[in-house]
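**Q** Before I ask anything, here is the structure I am working with.
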Amino acid sequence: MQEKNANASNFEQCLKCSICTAVCPMMEANPHYPGPKQAGPDGERYRIKDPAFYDLTLKYCLNCKRCEVSCPSGVRIGDIIQSARLKYGRSSNPVRDYMLASTDLVGSLASPFAPVVNRVLGMKPVKAVMDGVMGVDSRRTFPAYSGRRFEQWFRSEAACRQLGFRRFISYFHGCYVNYNYPQLGKDLVKLVNACGYGVHLLDREKCCGVALISNGFGNQARKQAETNLKSFRTAVANGETVLTSSSTCTFTMRDEYSNVLGLDNSDVRDSLLLATKWLYDHIENGSIRIAFRKDYHKRIVYHTACHMNKLGWAIYTTSLLRMIPGVELKVIEQKCCGIAGTFGFKKENYPYSQKIGSELFEALRVANPEVVVTECETCKWQIEMSACLPVMNPISILAEAIDEKETIKLNIR
Amino acid sequence: MRFDVIIIGGGRAGTEIGAALQKSGINCLIVAEGLSINPSKRTEFAACGGTLLPGDSVVGGGFDGAVLKNVRTENLVGTVLEADFFVLATGKFFSGGLASTMDGIYEPVFGCDVQYEPDREKWVNPDFYADQPFERFGVVTDDYGRVSVNGVTIDNLYAAGEILAGAVDIDGSAALVTTQIMRRK
Amino acid sequence: MKEYDVIIIGGGITGVGTARDCALRGLKTLLVERFDLTNGATGRNHGLLHSGARYAVTDRDSAAECIRENKILKRIASNCVEETEGLFITLPEDDPAYQDKFIRSCREAGINAKAIDPVEALRMEPSVNPTLTGAVKVPDASVDPFRLASANALDASIHGAEILTYHTVVAFVKEGGRVVGVKLRDSRSGEESEVRASVTVNAAGIWGQKIAAMAGAEIRMLPAKGSLLVFGHRVNRMVINRCRKPANADILVPGDVVCVVGTTSDKVPFEECDDMRVTAAEVKLLLEEGCKLAPSLADTRILRAYAGVRPLVAADDDPTGRSTSRGIVLLDHERRDGIPGFISITGGKLTSYRLMGELATDLICKKLNVNKPCRTAQLPLPGSEKKLNPAKRDALAFKAAEGRHGTGILRMDFAGKSEVLCECEHVTRAEIAYAVKYLDVNNLVDLRRRTRIGMGTCQGTFCMGKVAKALAEELGCPDREKEFLEQYARERWKGMAPVCWGDSLREAEYMRKLYRK
């Protein structure tokens, strides 16, 4: 009885120290946002009394989770806000939000017509229509759609090569790799293969659902999550770890599935890992060895994406990057880029998004690296557009930096 | 992962010790649940090459007799963090260095020996402005700043800062632990 | 020297209810209170608007009285009452036969009691103990005693009554055996004064024994301490009671954003009434019993513990004092003790305060030969004139203020004062200014009772410094900021001390770090 004098649902552990309000990027940029403490634990008490106390300004929360990382009481502030939005929130622009959130649907429609779609999305009149009618900001550069999806490439070019392996991982590639940037997926296959592991795709893969969650489509998100969890279970039953290359997908599937969508993922959570963590662990225990190219040189700045910061796994990536002899690495202080997935695409949010990111853009410009490295694809779009610096996933850096032949030899069993 | 020293707690004492050791070339890791009220020491620590795990917490340690060999954290699942020396600087109740139930007070990471008043009615003086007994509760250390678990002194686990029992001298205790570790390193 | 028709001693709910009635009937009225309004039992109970069901088996008259008043208050005090309804649950260890008897008694008293299936009860009230074997639904409700008293005092002032808080009655002024007034001492300055009236009313609750003695009459009060625990948020939507003979800690009431479990019941010496402290044993008992009503209380943060004293009166014909009544006791000391000009109104309960006021005022009017009917059952209290729609407002702080003050929000000026000072309870500077202007606020503890400032999760840790400053400014006495803060910190601490473990101890440590000298 009454062991901890604390609430099981966690919001009462808030002591009102208000540190979260000091790290919230939105609070500073937007005076209408009441901040994590009020929107989260403080508001929750009132919403429990009566849902009419739901405050519409909760839509401004970026779900960056910086509040949670800063909280000395372990309050899941971001989760409380996300859950409240799913439960009580109403979108003012549901069609636009659904389009932005349905990365799978839109991606599979757009990919076959990629050259056309990319041109059209880039055209001024179309942007004006999207801006005026849909509420998607015209200043935003859309990520290009790839003509050939990653899955198609894998099945036709890479699948047969996997037959020669005895050990496998499963790869959750995510929408971005599939529709927009298959090269990252190709880099992962190259790297993992060189380390002596074959790559399987999952039985069925759906978008992780992060955009559905943040746009208030809880039921659709839950459905997709269940499909993914089923595929993870099959993979895990086959003894395969599920690797990912996106920090946000990983964070969503490990933490938001249970904390926000209320799904039990405890049986697969520990087997769902960013490829960088998996690789680091295997290098450390000696089961994977890597040879790096002697002629590889890069000046890198590592940007810890907010969800990466929440996962706490940046240390694996930076440790791996430091292993590359020709890499000059600088880790800059963690800051939010402001895009927060689909948030920054919305017309009404664009100014906040750019204002929040401005500190990071400036810090990156000052550091002036050859390339910025981060695990988050939306950070990549934002930084490329706003700081005009190339951005790469650490997996791509590693794939570039390894001496492939030598590494394959080291890992033959 | 291996470090020379792992410091649990990123508050005043933890960052003070971390920055001092790191500056003399001792490789430190600070595991810091929650943000420090005064983050400047953290920045200093990171600037001289120290490693920081923000928003993470230590969930337990691996002992070999009276020696702490390693710790594990909540986020770094499956990763063992090893070090020669460990420092517990997790503060008192507010920051979770000490935890309490209706029946008692304990140190939640390693179960270090804690000095406190067993009768709960005596923890708090009903006059707000009077001396508050609970503010003197804390872990007990030997002359070198080392904690004990079940009466056995842990050879390489130090405590500093507000987690200590009695009238706390944060800077003094941090200085003691820094000196001890430098001497033995 | 000021002269009145009536002087009422005591700023509890009975006093302010009587003052409102007297004022509405056109009497020149003064209410005096030695501290703040609701400082006694009124501010230290469950906040339960009884349906009467609790008394149905043991005291049919009280039960019938409760249900009548319950219906009236839901109408006239809609902004202070939340129509939650209540459950009387039977647990496996309770006598299963009691429920039938209970329902029968309720119906005989005019209380709509309906047996419902345990499964249905769990659906209606998910927090209820799932092992229940029976449940009865009754029209219990939750009432905010601070708001109710404040609204009565406000209406009394609107109708010409004077409310004088922080004034202690030190003596009666008598002329030929007749009470013609009282001597007052300003509790803060020590200054003494005299006021006169045709009738003086003793509505001092448990302290009525002392007041009566001062006038030369004897009333035997039997102080019974009742301790309660406040939890950090609402776990229940409905009032939950045990369906058995009334016992310790068997009521859990949702009140605004918190819930309250209580009470214990122990006879205490009269001298202790001014400083009640809750013991560790009482906390344990309240928790154990509370968890039987709603098991989730076991992991809900306890914000504080407090205790009040029930003003139980020994029946006049029982010299042993064993027989007490929960009923209303109206004493005409002219007839009873030969002291003209003096009456006492005591006993009763929060739910029946309006009727107590009516009965007392009827007697006063009779003595003054005033022939005006009571209208307190018809006229809505200030704030409850009409139902607004808080959901239509955007920001939480506006909705919260409207919930607390009803139509009073129309008199709040948010221009330049919309900053939220107490973030747990979403209290703005504008609400503080409103309370200072209309609700008789003298310090930060008073302000808490009017606005819920500092009654939330952090118990004022986050806001008390800012609020002390804001209040001092609104009151026009910036030099008192420190005094406000210290008084408030002591008051909050007293309630936190008995439940200081777990997160509440963490909060306490934080509060000390911020405010200790």
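By convention in this document, the chains of the structure tokens carry letters A, B, ... by their order, each chain's residues are numbered from 1, and ligands are numbered from 1 in the order they are shown.
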Can you pull out every residue from range 48-274 of chain A that DSSP, working from the backbone, puts in strand (DSSP E or B), and format the result as JSON, numbers by chain?

**A** {"A": [136, 168, 169, 170, 171, 172, 198, 199, 200, 201, 241, 242, 243, 244, 272, 273, 274]}

**Q** Would you save the residues of that selection, restricted to N, CA and C atoms, as a compact mmCIF listing (two decimals), in the first residue's frame?

**A**
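File produced: result_29.txt:
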```txt
# COMPACT_ATOMS: atom_id res chain seq x y z
N VAL A 136 -0.35 23.98 -46.82
CA VAL A 136 1.03 23.51 -46.76
C VAL A 136 1.90 24.66 -47.22
N PHE A 168 21.22 -13.41 -39.96
CA PHE A 168 20.40 -12.35 -40.59
C PHE A 168 19.91 -11.32 -39.58
N ILE A 169 19.67 -10.15 -40.11
CA ILE A 169 18.88 -9.17 -39.38
C ILE A 169 17.68 -8.82 -40.27
N SER A 170 16.62 -8.29 -39.66
CA SER A 170 15.53 -7.76 -40.47
C SER A 170 15.68 -6.24 -40.50
N TYR A 171 15.32 -5.65 -41.60
CA TYR A 171 15.48 -4.20 -41.74
C TYR A 171 14.11 -3.53 -41.88
N PHE A 172 13.83 -2.63 -40.92
CA PHE A 172 12.66 -1.77 -41.06
C PHE A 172 13.17 -0.50 -41.73
N GLY A 198 23.19 -11.25 -43.33
CA GLY A 198 22.25 -11.05 -44.42
C GLY A 198 21.11 -10.16 -43.97
N VAL A 199 20.44 -9.51 -44.93
CA VAL A 199 19.34 -8.61 -44.61
C VAL A 199 18.03 -9.20 -45.12
N HIS A 200 17.06 -9.24 -44.24
CA HIS A 200 15.69 -9.60 -44.66
C HIS A 200 14.81 -8.37 -44.52
N LEU A 201 13.83 -8.24 -45.40
CA LEU A 201 12.80 -7.24 -45.16
C LEU A 201 11.72 -7.91 -44.32
N THR A 241 17.26 -9.72 -35.17
CA THR A 241 17.06 -8.39 -34.61
C THR A 241 16.49 -7.51 -35.72
N VAL A 242 15.60 -6.60 -35.35
CA VAL A 242 15.05 -5.68 -36.34
C VAL A 242 15.85 -4.38 -36.29
N LEU A 243 16.53 -4.06 -37.38
CA LEU A 243 17.33 -2.85 -37.41
C LEU A 243 16.61 -1.73 -38.16
N THR A 244 16.92 -0.52 -37.74
CA THR A 244 16.32 0.65 -38.35
C THR A 244 17.43 1.65 -38.66
N LEU A 272 14.43 -4.23 -31.20
CA LEU A 272 14.19 -3.20 -32.21
C LEU A 272 15.24 -2.12 -32.01
N LEU A 273 16.27 -2.12 -32.86
CA LEU A 273 17.43 -1.27 -32.58
C LEU A 273 17.84 -0.46 -33.79
N LEU A 274 18.35 0.73 -33.50
CA LEU A 274 19.01 1.49 -34.55
C LEU A 274 20.24 0.70 -34.97
```

**Q** Counting only C-alpha atoms, give me one row per residue of chain B with an atom at most 12 Å from an atom of chain C, showing the shortest contact pair and its distance in Å to one decimal, sorted by chain then residue number, as JSON lines.

**A**
```
{"residue": "B:Gly91", "atom": "CA", "partner": "C:Arg506", "partner_atom": "CA", "distance": 11.1}
{"residue": "B:Lys92", "atom": "CA", "partner": "C:Arg506", "partner_atom": "CA", "distance": 8.4}
{"residue": "B:Phe93", "atom": "CA", "partner": "C:Arg506", "partner_atom": "CA", "distance": 4.9}
{"residue": "B:Phe94", "atom": "CA", "partner": "C:Arg506", "partner_atom": "CA", "distance": 4.4}
{"residue": "B:Ser95", "atom": "CA", "partner": "C:Arg506", "partner_atom": "CA", "distance": 7.9}
{"residue": "B:Gly96", "atom": "CA", "partner": "C:Arg506", "partner_atom": "CA", "distance": 8.0}
{"residue": "B:Gly97", "atom": "CA", "partner": "C:Arg506", "partner_atom": "CA", "distance": 10.4}
{"residue": "B:Leu98", "atom": "CA", "partner": "C:Arg506", "partner_atom": "CA", "distance": 9.3}
{"residue": "B:Ala99", "atom": "CA", "partner": "C:Gly502", "partner_atom": "CA", "distance": 6.6}
{"residue": "B:Ser100", "atom": "CA", "partner": "C:Gly502", "partner_atom": "CA", "distance": 5.0}
{"residue": "B:Thr101", "atom": "CA", "partner": "C:Gly502", "partner_atom": "CA", "distance": 5.5}
{"residue": "B:Met102", "atom": "CA", "partner": "C:Trp501", "partner_atom": "CA", "distance": 5.9}
{"residue": "B:Asp103", "atom": "CA", "partner": "C:Trp501", "partner_atom": "CA", "distance": 8.6}
{"residue": "B:Gly104", "atom": "CA", "partner": "C:Trp501", "partner_atom": "CA", "distance": 8.6}
{"residue": "B:Ile105", "atom": "CA", "partner": "C:Trp501", "partner_atom": "CA", "distance": 8.8}
{"residue": "B:Tyr106", "atom": "CA", "partner": "C:Gly502", "partner_atom": "CA", "distance": 11.0}
{"residue": "B:Asp119", "atom": "CA", "partner": "C:Ala280", "partner_atom": "CA", "distance": 9.7}
{"residue": "B:Arg120", "atom": "CA", "partner": "C:Ala280", "partner_atom": "CA", "distance": 7.7}
{"residue": "B:Glu121", "atom": "CA", "partner": "C:Ala280", "partner_atom": "CA", "distance": 6.5}
{"residue": "B:Lys122", "atom": "CA", "partner": "C:Ala497", "partner_atom": "CA", "distance": 9.7}
{"residue": "B:Trp123", "atom": "CA", "partner": "C:Cys500", "partner_atom": "CA", "distance": 8.0}
{"residue": "B:Val124", "atom": "CA", "partner": "C:Ala497", "partner_atom": "CA", "distance": 5.9}
{"residue": "B:Asn125", "atom": "CA", "partner": "C:Ala497", "partner_atom": "CA", "distance": 7.4}
{"residue": "B:Pro126", "atom": "CA", "partner": "C:Lys494", "partner_atom": "CA", "distance": 5.6}
{"residue": "B:Asp127", "atom": "CA", "partner": "C:Arg490", "partner_atom": "CA", "distance": 6.4}
{"residue": "B:Phe128", "atom": "CA", "partner": "C:Arg490", "partner_atom": "CA", "distance": 5.3}
{"residue": "B:Tyr129", "atom": "CA", "partner": "C:Arg516", "partner_atom": "CA", "distance": 6.0}
{"residue": "B:Ala130", "atom": "CA", "partner": "C:Arg516", "partner_atom": "CA", "distance": 8.7}
{"residue": "B:Asp131", "atom": "CA", "partner": "C:Arg516", "partner_atom": "CA", "distance": 9.4}
{"residue": "B:Gln132", "atom": "CA", "partner": "C:Arg512", "partner_atom": "CA", "distance": 8.9}
{"residue": "B:Pro133", "atom": "CA", "partner": "C:Glu509", "partner_atom": "CA", "distance": 10.9}
{"residue": "B:Phe134", "atom": "CA", "partner": "C:Glu509", "partner_atom": "CA", "distance": 8.4}
{"residue": "B:Glu135", "atom": "CA", "partner": "C:Glu509", "partner_atom": "CA", "distance": 7.4}
{"residue": "B:Arg136", "atom": "CA", "partner": "C:Glu509", "partner_atom": "CA", "distance": 11.2}
{"residue": "B:Phe137", "atom": "CA", "partner": "C:Glu509", "partner_atom": "CA", "distance": 11.6}
{"residue": "B:Glu162", "atom": "CA", "partner": "C:Glu509", "partner_atom": "CA", "distance": 11.7}
```

**Q** Smallest atom-to-atom distance to chain A: which of B:Asp64, B:Val31, B:Leu21, B:Thr79, using only C-alpha atoms?

**A** B:Thr79

**Q** One decimal, in Å: what's the spacing between CA of Ser78 in chain C and CA of Thr351 in chain C?

**A**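 Going from CA of Ser78 in chain C over to CA of Thr351 in chain C covers 13.7 Å.
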
**Q** Which residues, written as a VMD selection string, have at least one atom at most 12 Å from Glu385 in chain C, with only C-alpha atoms counted and residues fewer than 5 positions away on the same chain left out?

**A** chain C and resid 74 to 80 151 155 378 to 380 405 to 408 410

**Q** Write the residues of the preceding selection, restricted to C-alpha atoms, as a PDB file, in the first residue's frame.

**A**
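What follows is the written file part-v1.pdb:
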```pdb
ATOM      1  CA  LYS C  74     -28.390  22.247  -6.487  1.00  0.00           C
ATOM      2  CA  ARG C  75     -30.671  25.016  -7.699  1.00  0.00           C
ATOM      3  CA  ILE C  76     -29.478  28.113  -5.860  1.00  0.00           C
ATOM      4  CA  ALA C  77     -25.781  27.241  -5.663  1.00  0.00           C
ATOM      5  CA  SER C  78     -25.255  25.519  -8.992  1.00  0.00           C
ATOM      6  CA  ASN C  79     -21.779  26.991  -9.305  1.00  0.00           C
ATOM      7  CA  CYS C  80     -20.686  25.556  -5.949  1.00  0.00           C
ATOM      8  CA  ALA C 151     -21.036  33.349  -2.259  1.00  0.00           C
ATOM      9  CA  ASP C 155     -24.723  38.114  -1.339  1.00  0.00           C
ATOM     10  CA  GLN C 378     -35.498  30.727  -4.237  1.00  0.00           C
ATOM     11  CA  LEU C 379     -32.838  33.314  -5.019  1.00  0.00           C
ATOM     12  CA  PRO C 380     -29.681  31.962  -6.643  1.00  0.00           C
ATOM     13  CA  HIS C 405     -16.609  31.915  -9.858  1.00  0.00           C
ATOM     14  CA  GLY C 406     -19.391  31.237 -12.348  1.00  0.00           C
ATOM     15  CA  THR C 407     -20.813  34.515 -13.525  1.00  0.00           C
ATOM     16  CA  GLY C 408     -18.253  36.270 -11.323  1.00  0.00           C
ATOM     17  CA  LEU C 410     -17.873  38.628 -15.994  1.00  0.00           C
TER      18      LEU C 410
END
```
